>>> print(open('structure_12.pdb').read())   # PDB, C-alpha atoms
ATOM      1  CA  MET A   1      -3.291   3.551 -32.690
ATOM      2  CA  PRO A   2      -1.508   0.695 -34.486
ATOM      3  CA  ASP A   3       0.725  -1.675 -32.595
ATOM      4  CA  GLY A   4       4.384  -0.598 -32.788
ATOM      5  CA  ARG A   5       5.248  -3.921 -34.416
ATOM      6  CA  GLN A   6       2.524  -3.748 -37.089
ATOM      7  CA  PRO A   7       2.162  -1.629 -40.232
ATOM      8  CA  ALA A   8      -0.696   0.843 -40.236
ATOM      9  CA  HIS A   9      -1.670  -0.212 -43.781
ATOM     10  CA  SER A  10      -0.416  -3.182 -45.740
ATOM     11  CA  HIS A  11      -0.842  -4.650 -49.225
ATOM     12  CA  VAL A  12       0.880  -7.896 -50.177
ATOM     13  CA  TRP A  13       0.939  -9.810 -53.476
ATOM     14  CA  PRO A  14       3.173 -12.643 -54.774
ATOM     15  CA  SER A  15       5.869 -10.419 -56.232
ATOM     16  CA  GLY A  16       5.997  -7.664 -53.621
ATOM     17  CA  GLY A  17       4.272  -5.487 -51.080
ATOM     18  CA  ALA A  18       3.614  -1.976 -49.783
ATOM     19  CA  HIS A  19       3.502  -1.226 -46.058
ATOM     20  CA  ARG A  20       2.880   2.031 -44.189
ATOM     21  CA  TRP A  21       4.740   1.915 -40.888
ATOM     22  CA  PRO A  22       4.361   4.315 -37.962
ATOM     23  CA  SER A  23       7.600   5.693 -36.565
ATOM     24  CA  GLY A  24       9.267   2.958 -34.550
ATOM     25  CA  GLY A  25       7.348   0.178 -36.288
ATOM     26  CA  THR A  26       9.342  -3.048 -36.380
ATOM     27  CA  SER A  27       8.725  -6.192 -38.393
ATOM     28  CA  ALA A  28       9.207  -9.683 -37.073
ATOM     29  CA  VAL A  29      12.480 -11.436 -37.922
ATOM     30  CA  SER A  30      11.906 -13.434 -41.110
ATOM     31  CA  SER A  31      13.542 -14.844 -44.217
ATOM     32  CA  HIS A  32      12.311 -15.505 -47.741
ATOM     33  CA  SER A  33      13.028 -18.064 -50.437
ATOM     34  CA  ARG A  34      13.591 -15.194 -52.893
ATOM     35  CA  GLY A  35      15.860 -12.197 -52.534
ATOM     36  CA  HIS A  36      14.136  -8.835 -52.304
ATOM     37  CA  LEU A  37      14.684  -5.121 -52.751
ATOM     38  CA  VAL A  38      13.397  -2.658 -50.160
ATOM     39  CA  TYR A  39      12.726   1.016 -50.861
ATOM     40  CA  ALA A  40      11.430   3.782 -48.588
ATOM     41  CA  ALA A  41       9.157   6.022 -50.646
ATOM     42  CA  ARG A  42       8.878   8.128 -47.480
ATOM     43  CA  GLY A  43      10.734   7.989 -44.191
ATOM     44  CA  VAL A  44      13.841   5.950 -43.398
ATOM     45  CA  LEU A  45      14.211   2.198 -42.991
ATOM     46  CA  SER A  46      16.869   0.204 -41.227
ATOM     47  CA  VAL A  47      17.295  -3.378 -42.408
ATOM     48  CA  HIS A  48      18.946  -5.645 -39.846
ATOM     49  CA  THR A  49      20.509  -8.945 -40.942
ATOM     50  CA  GLY A  50      22.987 -11.317 -39.373
ATOM     51  CA  GLN A  51      25.717  -9.506 -41.306
ATOM     52  CA  GLY A  52      24.960  -5.962 -40.202
ATOM     53  CA  THR A  53      22.547  -3.069 -40.599
ATOM     54  CA  SER A  54      21.613  -1.158 -43.741
ATOM     55  CA  ILE A  55      20.131   2.328 -43.552
ATOM     56  CA  VAL A  56      17.750   3.059 -46.426
ATOM     57  CA  PRO A  57      16.845   6.723 -46.951
ATOM     58  CA  ALA A  58      14.606   7.783 -49.830
ATOM     59  CA  ASN A  59      17.432   7.945 -52.386
ATOM     60  CA  ARG A  60      18.686   4.414 -51.742
ATOM     61  CA  VAL A  61      17.434   0.862 -52.233
ATOM     62  CA  ALA A  62      18.534  -2.126 -50.132
ATOM     63  CA  TRP A  63      19.025  -5.707 -51.300
ATOM     64  CA  THR A  64      18.566  -8.740 -49.019
ATOM     65  CA  PRO A  65      19.542 -12.118 -50.555
ATOM     66  CA  ALA A  66      17.329 -15.188 -50.426
ATOM     67  CA  GLY A  67      17.425 -17.054 -47.130
ATOM     68  CA  ALA A  68      18.937 -14.185 -45.129
ATOM     69  CA  GLY A  69      17.184 -13.576 -41.805
ATOM     70  CA  HIS A  70      16.213  -9.914 -41.562
ATOM     71  CA  GLN A  71      14.136  -7.368 -39.674
ATOM     72  CA  HIS A  72      12.877  -3.936 -40.752
ATOM     73  CA  ARG A  73      12.470  -0.875 -38.556
ATOM     74  CA  ALA A  74      10.827   2.419 -39.524
ATOM     75  CA  HIS A  75      12.300   5.773 -38.502
ATOM     76  CA  GLY A  76       9.629   8.386 -38.994
ATOM     77  CA  ASP A  77       6.335   7.577 -40.738
ATOM     78  CA  THR A  78       7.583   5.285 -43.477
ATOM     79  CA  ASP A  79       6.165   4.036 -46.769
ATOM     80  CA  MET A  80       8.055   0.784 -47.388
ATOM     81  CA  ARG A  81       7.981  -0.929 -50.785
ATOM     82  CA  ILE A  82       9.226  -4.474 -51.456
ATOM     83  CA  VAL A  83      10.046  -6.141 -54.775
ATOM     84  CA  PHE A  84      10.959  -9.849 -54.891
ATOM     85  CA  LEU A  85      13.326 -10.906 -57.661
ATOM     86  CA  PRO A  86      13.121 -14.265 -59.454
ATOM     87  CA  PRO A  87      16.302 -16.390 -59.207
ATOM     88  CA  SER A  88      17.312 -15.534 -62.784
ATOM     89  CA  LEU A  89      17.580 -11.849 -61.864
ATOM     90  CA  ALA A  90      18.757 -12.387 -58.293
ATOM     91  CA  ARG A  91      21.921 -13.996 -59.699
ATOM     92  CA  LEU A  92      22.817 -10.593 -61.142
ATOM     93  CA  VAL A  93      22.717  -8.904 -57.714
ATOM     94  CA  PRO A  94      25.356  -9.412 -54.974
ATOM     95  CA  GLY A  95      25.118 -12.460 -52.745
ATOM     96  CA  HIS A  96      25.338 -10.270 -49.641
ATOM     97  CA  PRO A  97      23.185  -7.448 -48.209
ATOM     98  CA  ALA A  98      23.895  -4.223 -50.074
ATOM     99  CA  VAL A  99      22.646  -0.671 -50.568
ATOM    100  CA  PHE A 100      22.484   1.046 -53.971
ATOM    101  CA  THR A 101      21.721   4.545 -55.171
ATOM    102  CA  ALA A 102      18.154   4.734 -56.472
ATOM    103  CA  SER A 103      18.225   6.647 -59.753
ATOM    104  CA  ASP A 104      15.156   8.585 -60.904
ATOM    105  CA  LEU A 105      14.358   5.719 -63.279
ATOM    106  CA  ALA A 106      14.840   3.094 -60.548
ATOM    107  CA  ARG A 107      12.529   5.003 -58.193
ATOM    108  CA  SER A 108       9.846   5.270 -60.882
ATOM    109  CA  VAL A 109      10.088   1.548 -61.623
ATOM    110  CA  LEU A 110       9.957   0.660 -57.919
ATOM    111  CA  LEU A 111       6.860   2.785 -57.409
ATOM    112  CA  THR A 112       5.167   1.245 -60.457
ATOM    113  CA  LEU A 113       6.005  -2.296 -59.384
ATOM    114  CA  THR A 114       4.580  -1.630 -55.919
ATOM    115  CA  GLY A 115       1.751   0.771 -56.750
ATOM    116  CA  PRO A 116      -2.069   0.494 -56.812
ATOM    117  CA  ARG A 117      -2.064  -1.546 -60.032
ATOM    118  CA  ASN A 118      -1.115  -4.514 -57.850
ATOM    119  CA  TYR A 119      -4.013  -4.323 -55.404
ATOM    120  CA  ASP A 120      -6.612  -1.687 -56.325
ATOM    121  CA  PRO A 121      -9.544  -3.207 -58.268
ATOM    122  CA  ALA A 122     -10.196   0.203 -59.838
ATOM    123  CA  ALA A 123      -6.660   0.404 -61.318
ATOM    124  CA  ARG A 124      -5.547  -1.289 -64.534
ATOM    125  CA  PRO A 125      -3.645  -4.446 -63.507
ATOM    126  CA  LEU A 126       0.056  -4.684 -64.294
ATOM    127  CA  ALA A 127       0.498  -7.414 -66.916
ATOM    128  CA  PRO A 128       3.004 -10.208 -66.085
ATOM    129  CA  ALA A 129       5.116  -9.418 -69.175
ATOM    130  CA  ALA A 130       5.264  -5.730 -68.245
ATOM    131  CA  ARG A 131       6.217  -6.621 -64.663
ATOM    132  CA  ALA A 132       9.048  -8.829 -65.925
ATOM    133  CA  ARG A 133      10.372  -6.054 -68.183
ATOM    134  CA  LEU A 134      10.253  -3.523 -65.368
ATOM    135  CA  ARG A 135      12.135  -5.831 -63.008
ATOM    136  CA  ARG A 136      14.840  -6.254 -65.644
ATOM    137  CA  VAL A 137      15.130  -2.479 -66.049
ATOM    138  CA  LEU A 138      15.393  -2.152 -62.269
ATOM    139  CA  VAL A 139      18.241  -4.671 -62.060
ATOM    140  CA  ASP A 140      20.005  -2.954 -64.974
ATOM    141  CA  GLU A 141      19.786   0.337 -63.074
ATOM    142  CA  LEU A 142      21.291  -1.297 -59.968
ATOM    143  CA  HIS A 143      24.135  -2.642 -62.103
ATOM    144  CA  ALA A 144      24.926   0.924 -63.122
ATOM    145  CA  ALA A 145      24.874   2.111 -59.490
ATOM    146  CA  PRO A 146      27.870   1.215 -57.303
ATOM    147  CA  GLU A 147      27.229  -0.184 -53.853
ATOM    148  CA  GLN A 148      26.904   2.549 -51.252
ATOM    149  CA  PRO A 149      28.590   2.571 -47.828
ATOM    150  CA  LEU A 150      25.276   2.575 -45.969
ATOM    151  CA  HIS A 151      25.516  -1.066 -44.959
ATOM    152  CA  LEU A 152      27.252  -1.142 -41.593
ATOM    153  CA  PRO A 153      28.635  -4.647 -41.055
ATOM    154  CA  ASP A 154      28.569  -6.161 -37.581
ATOM    155  CA  PRO A 155      31.935  -7.259 -36.170
ATOM    156  CA  TYR A 156      32.365 -10.830 -34.967
ATOM    157  CA  ASP A 157      35.255 -10.492 -32.555
ATOM    158  CA  ASP A 158      34.032  -9.970 -28.981
ATOM    159  CA  ARG A 159      36.427  -7.065 -28.455
ATOM    160  CA  LEU A 160      35.168  -5.234 -31.525
ATOM    161  CA  ARG A 161      31.583  -5.941 -30.546
ATOM    162  CA  ALA A 162      32.227  -4.345 -27.145
ATOM    163  CA  VAL A 163      33.568  -1.217 -28.860
ATOM    164  CA  ALA A 164      30.574  -1.214 -31.206
ATOM    165  CA  ARG A 165      28.161  -1.289 -28.254
ATOM    166  CA  VAL A 166      29.861   1.706 -26.651
ATOM    167  CA  LEU A 167      29.698   3.789 -29.816
ATOM    168  CA  SER A 168      26.173   2.698 -30.747
ATOM    169  CA  GLU A 169      24.905   3.783 -27.342
ATOM    170  CA  ASN A 170      26.750   7.107 -27.635
ATOM    171  CA  PRO A 171      27.818   7.955 -31.209
ATOM    172  CA  ALA A 172      29.189  11.302 -29.956
ATOM    173  CA  ASP A 173      31.871   9.470 -27.955
ATOM    174  CA  ASN A 174      35.251  10.711 -29.237
ATOM    175  CA  THR A 175      37.355   8.367 -27.103
ATOM    176  CA  PRO A 176      40.480   7.312 -29.071
ATOM    177  CA  LEU A 177      40.680   3.695 -30.201
ATOM    178  CA  ALA A 178      43.593   3.005 -27.846
ATOM    179  CA  ASP A 179      41.495   4.051 -24.829
ATOM    180  CA  LEU A 180      38.475   2.073 -26.048
ATOM    181  CA  GLY A 181      40.751  -0.922 -26.428
ATOM    182  CA  ARG A 182      41.910  -0.785 -22.825
ATOM    183  CA  THR A 183      38.398  -1.611 -21.650
ATOM    184  CA  THR A 184      38.353  -4.709 -23.871
ATOM    185  CA  GLY A 185      41.906  -5.896 -23.298
ATOM    186  CA  ALA A 186      43.116  -5.158 -26.833
ATOM    187  CA  SER A 187      45.594  -2.644 -28.186
ATOM    188  CA  ALA A 188      44.724  -0.082 -30.836
ATOM    189  CA  ARG A 189      46.906  -2.021 -33.280
ATOM    190  CA  THR A 190      44.997  -5.249 -32.607
ATOM    191  CA  LEU A 191      41.605  -3.557 -32.995
ATOM    192  CA  SER A 192      42.726  -1.828 -36.192
ATOM    193  CA  ARG A 193      43.894  -5.147 -37.614
ATOM    194  CA  LEU A 194      40.602  -6.794 -36.688
ATOM    195  CA  LEU A 195      38.596  -3.972 -38.274
ATOM    196  CA  HIS A 196      40.542  -4.321 -41.493
ATOM    197  CA  HIS A 197      40.305  -8.112 -41.502
ATOM    198  CA  GLU A 198      36.619  -8.434 -40.549
ATOM    199  CA  LEU A 199      35.080  -5.292 -42.019
ATOM    200  CA  GLY A 200      37.607  -3.972 -44.533
ATOM    201  CA  MET A 201      37.592  -0.528 -42.882
ATOM    202  CA  THR A 202      39.715   1.736 -40.765
ATOM    203  CA  PHE A 203      38.394   2.772 -37.364
ATOM    204  CA  HIS A 204      37.720   6.283 -38.692
ATOM    205  CA  GLU A 205      35.720   4.931 -41.653
ATOM    206  CA  TRP A 206      33.707   2.570 -39.503
ATOM    207  CA  ARG A 207      32.905   5.135 -36.803
ATOM    208  CA  THR A 208      31.921   7.691 -39.475
ATOM    209  CA  GLN A 209      29.482   5.221 -41.032
ATOM    210  CA  LEU A 210      28.023   4.395 -37.629
ATOM    211  CA  ARG A 211      27.537   8.106 -36.925
ATOM    212  CA  ILE A 212      25.908   8.756 -40.307
ATOM    213  CA  HIS A 213      23.489   5.894 -39.591
ATOM    214  CA  HIS A 214      22.456   7.637 -36.383
ATOM    215  CA  ALA A 215      22.308  10.988 -38.169
ATOM    216  CA  LEU A 216      19.831   9.669 -40.756
ATOM    217  CA  VAL A 217      17.553   8.463 -37.983
ATOM    218  CA  LEU A 218      17.731  11.765 -36.094
ATOM    219  CA  LEU A 219      17.069  13.779 -39.268
ATOM    220  CA  SER A 220      14.042  11.603 -40.020
ATOM    221  CA  GLU A 221      12.744  12.476 -36.544
ATOM    222  CA  GLY A 222      12.890  16.190 -37.405
ATOM    223  CA  HIS A 223      16.071  17.330 -35.627
ATOM    224  CA  ASP A 224      18.038  20.141 -37.260
ATOM    225  CA  THR A 225      21.526  19.819 -38.716
ATOM    226  CA  THR A 226      23.381  21.464 -35.824
ATOM    227  CA  HIS A 227      21.706  19.273 -33.205
ATOM    228  CA  VAL A 228      22.388  16.124 -35.236
ATOM    229  CA  ALA A 229      26.019  17.094 -35.816
ATOM    230  CA  HIS A 230      26.687  17.510 -32.104
ATOM    231  CA  ALA A 231      24.659  14.412 -31.150
ATOM    232  CA  CYS A 232      26.747  12.315 -33.533
ATOM    233  CA  GLY A 233      30.160  13.578 -32.472
ATOM    234  CA  TRP A 234      30.972  16.522 -34.751
ATOM    235  CA  ALA A 235      31.915  19.732 -32.954
ATOM    236  CA  ASN A 236      31.857  21.582 -36.281
ATOM    237  CA  PRO A 237      28.591  21.209 -38.243
ATOM    238  CA  SER A 238      30.396  21.944 -41.523
ATOM    239  CA  HIS A 239      32.540  18.829 -41.023
ATOM    240  CA  PHE A 240      29.374  16.829 -40.425
ATOM    241  CA  ILE A 241      27.793  18.223 -43.590
ATOM    242  CA  ALA A 242      30.848  17.201 -45.605
ATOM    243  CA  ALA A 243      30.913  13.663 -44.173
ATOM    244  CA  PHE A 244      27.158  13.286 -44.675
ATOM    245  CA  GLY A 245      27.421  14.423 -48.288
ATOM    246  CA  ASN A 246      30.224  11.969 -49.009
ATOM    247  CA  LEU A 247      28.127   9.009 -47.829
ATOM    248  CA  VAL A 248      24.542  10.000 -48.626
ATOM    249  CA  GLY A 249      25.056  12.157 -51.703
ATOM    250  CA  THR A 250      23.220  15.244 -50.481
ATOM    251  CA  THR A 251      23.381  17.719 -47.604
ATOM    252  CA  PRO A 252      21.597  17.053 -44.295
ATOM    253  CA  GLY A 253      19.382  20.101 -44.856
ATOM    254  CA  ARG A 254      18.263  18.978 -48.300
ATOM    255  CA  TYR A 255      17.782  15.455 -47.079
ATOM    256  CA  ARG A 256      15.648  16.617 -44.135
ATOM    257  CA  ALA A 257      13.579  18.887 -46.406
ATOM    258  CA  GLY A 258      12.983  15.990 -48.776
ATOM    259  CA  GLN A 259      11.769  13.831 -45.916
TER
END
>>> encode(input="structure_12.pdb", output="structure tokens")
Amino acid sequence: MPDGRQPAHSHVWPSGGAHRWPSGGTSAVSSHSRGHLVYAARGVLSVHTGQGTSIVPANRVAWTPAGAGHQHRAHGDTDMRIVFLPPSLARLVPGHPAVFTASDLARSVLLTLTGPRNYDPAARPLAPAARARLRRVLVDELHAAPEQPLHLPDPYDDRLRAVARVLSENPADNTPLADLGRTTGASARTLSRLLHHELGMTFHEWRTQLRIHHALVLLSEGHDTTHVAHACGWANPSHFIAAFGNLVGTTPGRYRAGQ
């Protein structure tokens, strides 16, 4: 059985890599001189940086800029693909961690750029000129895809961080913001102002994103929609389905079936 911190299978080359992680597998904290894109061909990845956490299901691709410390974690058996971008292309991608929709074309390009032609002696090698063209197509596809709200930024204020810990440990907690604030010595108005200033979100938006992050992990572990809805704070599964669809772009049932 592979170590929980090590991929079960791994291929690495100068411009990318492919790693098969067991559920719960976690990479070491690292940073790279080039920015990179991460895609989960199977399973779900969470990408942790100093600025927050991105959840990467199979229809999304995450960007981590050059020099940003980061750590990957697999939720479910996960096939992780990595593509490094040269500085000329990295300048066309945001200077902060981001998540984008992966179009059908983007997924095909990602799989080609990280497939057997990079490491299997029996496969026809991918020519450098072809690799460069494919990377350009990939970046063009990301330009056409707006950033997705699957990057959950970490708050900096100690009072917000205390609230975040409470809700991360129990995403089903429906305690109003005013009551959460009493335990941290801040009013609901102060916490709302801090959320807007630091994260650009309302409390409802931020808590919904946090809950959807947890929902993606639970779905990847095989739990059904009703269980996940209740575990993440929705008394009515139909409300959960609507919120999930707004953020992820598909229903929980279809997402789980695709996994």
>>> atom_distance(input="structure_12.pdb", atom1="atom CA of A:His11", atom2="atom CA of A:Glu221")
25.3 Å
>>> atom_distance(input="structure_12.pdb", atom1="atom CA of A:Asp154", atom2="atom CA of A:Ser168")
11.4 Å
>>> resolve_selection(input="structure_12.pdb", expression="the PyMOL selection byres ((chain A and resi 96-106) around 7)", output="number ranges by chain")
A: 54, 59-65, 94-95, 107-110, 138, 141-142, 145-148, 150-151
>>> atom_distance(input="structure_12.pdb", atom1="atom CA of A:Ala90", atom2="atom CA of A:Ala144")
15.4 Å
>>> closest_residue(input="structure_12.pdb", among="A:Ser220, A:Ser31, A:Thr208, A:Thr190", to="A:Asn174", atoms="only C-alpha atoms")
A:Thr208
>>> residues_near_point(input="structure_12.pdb", point="(1.8, 2.4, -40.4)", cutoff="6 Å", atoms="only C-alpha atoms", output="list in words")
Pro7, Ala8, His9, Arg20, Trp21 and Pro22 of chain A
>>> closest_residue(input="structure_12.pdb", among="A:Arg165, A:His239, A:Arg73, A:Arg254", to="A:Val217", atoms="only C-alpha atoms")
A:Arg73
>>> residues_around(input="structure_12.pdb", residues="A:Ala127", least_positions_apart="5", cutoff="12 Å", atoms="only C-alpha atoms", output="number ranges by chain")
A: 112-113, 117-118, 132-134
>>> residues_around(input="structure_12.pdb", residues="A:His230", least_positions_apart="3", cutoff="10 Å", atoms="all atoms listed in the file", output="PyMOL selection string")
chain A and resi 171-172+215+225-227+233-237+240
>>> resolve_selection(input="structure_12.pdb", expression="the PyMOL selection byres ((chain A and resi 163) around 9)", output="VMD selection string")
chain A and resid 158 to 162 164 to 168 177 180 to 181 183 to 184
>>> closest_residue(input="structure_12.pdb", among="A:Gly222, A:Pro153, A:Pro87, A:Pro125", to="A:Val44", atoms="all atoms listed in the file")
A:Gly222
>>> resolve_selection(input="structure_12.pdb", expression="the PyMOL selection byres ((chain A and resi 34) around 12)", output="PDB file with C-alpha atoms, keeping the file's coordinate frame")
ATOM      1  CA  PRO A  14       3.173 -12.643 -54.774  1.00  0.00           C
ATOM      2  CA  SER A  15       5.869 -10.419 -56.232  1.00  0.00           C
ATOM      3  CA  GLY A  16       5.997  -7.664 -53.621  1.00  0.00           C
ATOM      4  CA  SER A  31      13.542 -14.844 -44.217  1.00  0.00           C
ATOM      5  CA  HIS A  32      12.311 -15.505 -47.741  1.00  0.00           C
ATOM      6  CA  SER A  33      13.028 -18.064 -50.437  1.00  0.00           C
ATOM      7  CA  GLY A  35      15.860 -12.197 -52.534  1.00  0.00           C
ATOM      8  CA  HIS A  36      14.136  -8.835 -52.304  1.00  0.00           C
ATOM      9  CA  LEU A  37      14.684  -5.121 -52.751  1.00  0.00           C
ATOM     10  CA  TRP A  63      19.025  -5.707 -51.300  1.00  0.00           C
ATOM     11  CA  THR A  64      18.566  -8.740 -49.019  1.00  0.00           C
ATOM     12  CA  PRO A  65      19.542 -12.118 -50.555  1.00  0.00           C
ATOM     13  CA  ALA A  66      17.329 -15.188 -50.426  1.00  0.00           C
ATOM     14  CA  GLY A  67      17.425 -17.054 -47.130  1.00  0.00           C
ATOM     15  CA  ALA A  68      18.937 -14.185 -45.129  1.00  0.00           C
ATOM     16  CA  GLY A  69      17.184 -13.576 -41.805  1.00  0.00           C
ATOM     17  CA  ILE A  82       9.226  -4.474 -51.456  1.00  0.00           C
ATOM     18  CA  VAL A  83      10.046  -6.141 -54.775  1.00  0.00           C
ATOM     19  CA  PHE A  84      10.959  -9.849 -54.891  1.00  0.00           C
ATOM     20  CA  LEU A  85      13.326 -10.906 -57.661  1.00  0.00           C
ATOM     21  CA  PRO A  86      13.121 -14.265 -59.454  1.00  0.00           C
ATOM     22  CA  PRO A  87      16.302 -16.390 -59.207  1.00  0.00           C
ATOM     23  CA  SER A  88      17.312 -15.534 -62.784  1.00  0.00           C
ATOM     24  CA  LEU A  89      17.580 -11.849 -61.864  1.00  0.00           C
ATOM     25  CA  ALA A  90      18.757 -12.387 -58.293  1.00  0.00           C
ATOM     26  CA  ARG A  91      21.921 -13.996 -59.699  1.00  0.00           C
ATOM     27  CA  GLY A  95      25.118 -12.460 -52.745  1.00  0.00           C
TER      28      GLY A  95
END
>>> axis_aligned_box(input="structure_12.pdb", around="stretch 32-44 of chain A", padding_each_side="8 Å", output="lines of an AutoDock Vina configuration file")
center_x = 12.4
center_y = -5.0
center_z = -48.1
size_x = 23.0
size_y = 42.2
size_z = 25.5
>>> residues_around(input="structure_12.pdb", residues="A:Leu247", least_positions_apart="2", cutoff="8 Å", atoms="only C-alpha atoms", output="MDAnalysis selection string")
chainID A and resid 148:150 209 212 243:245 249
>>> closest_residue(input="structure_12.pdb", among="A:Gln71, A:Ala188, A:Val47, A:Pro57", to="A:Val29", atoms="all atoms listed in the file")
A:Gln71
>>> closest_residue(input="structure_12.pdb", among="A:Tyr156, A:His72, A:Ala229, A:Arg207", to="A:Thr175", atoms="only C-alpha atoms")
A:Arg207
>>> closest_residue(input="structure_12.pdb", among="A:Arg182, A:His197, A:Arg256, A:His143", to="A:Gly76", atoms="all atoms listed in the file")
A:Arg256
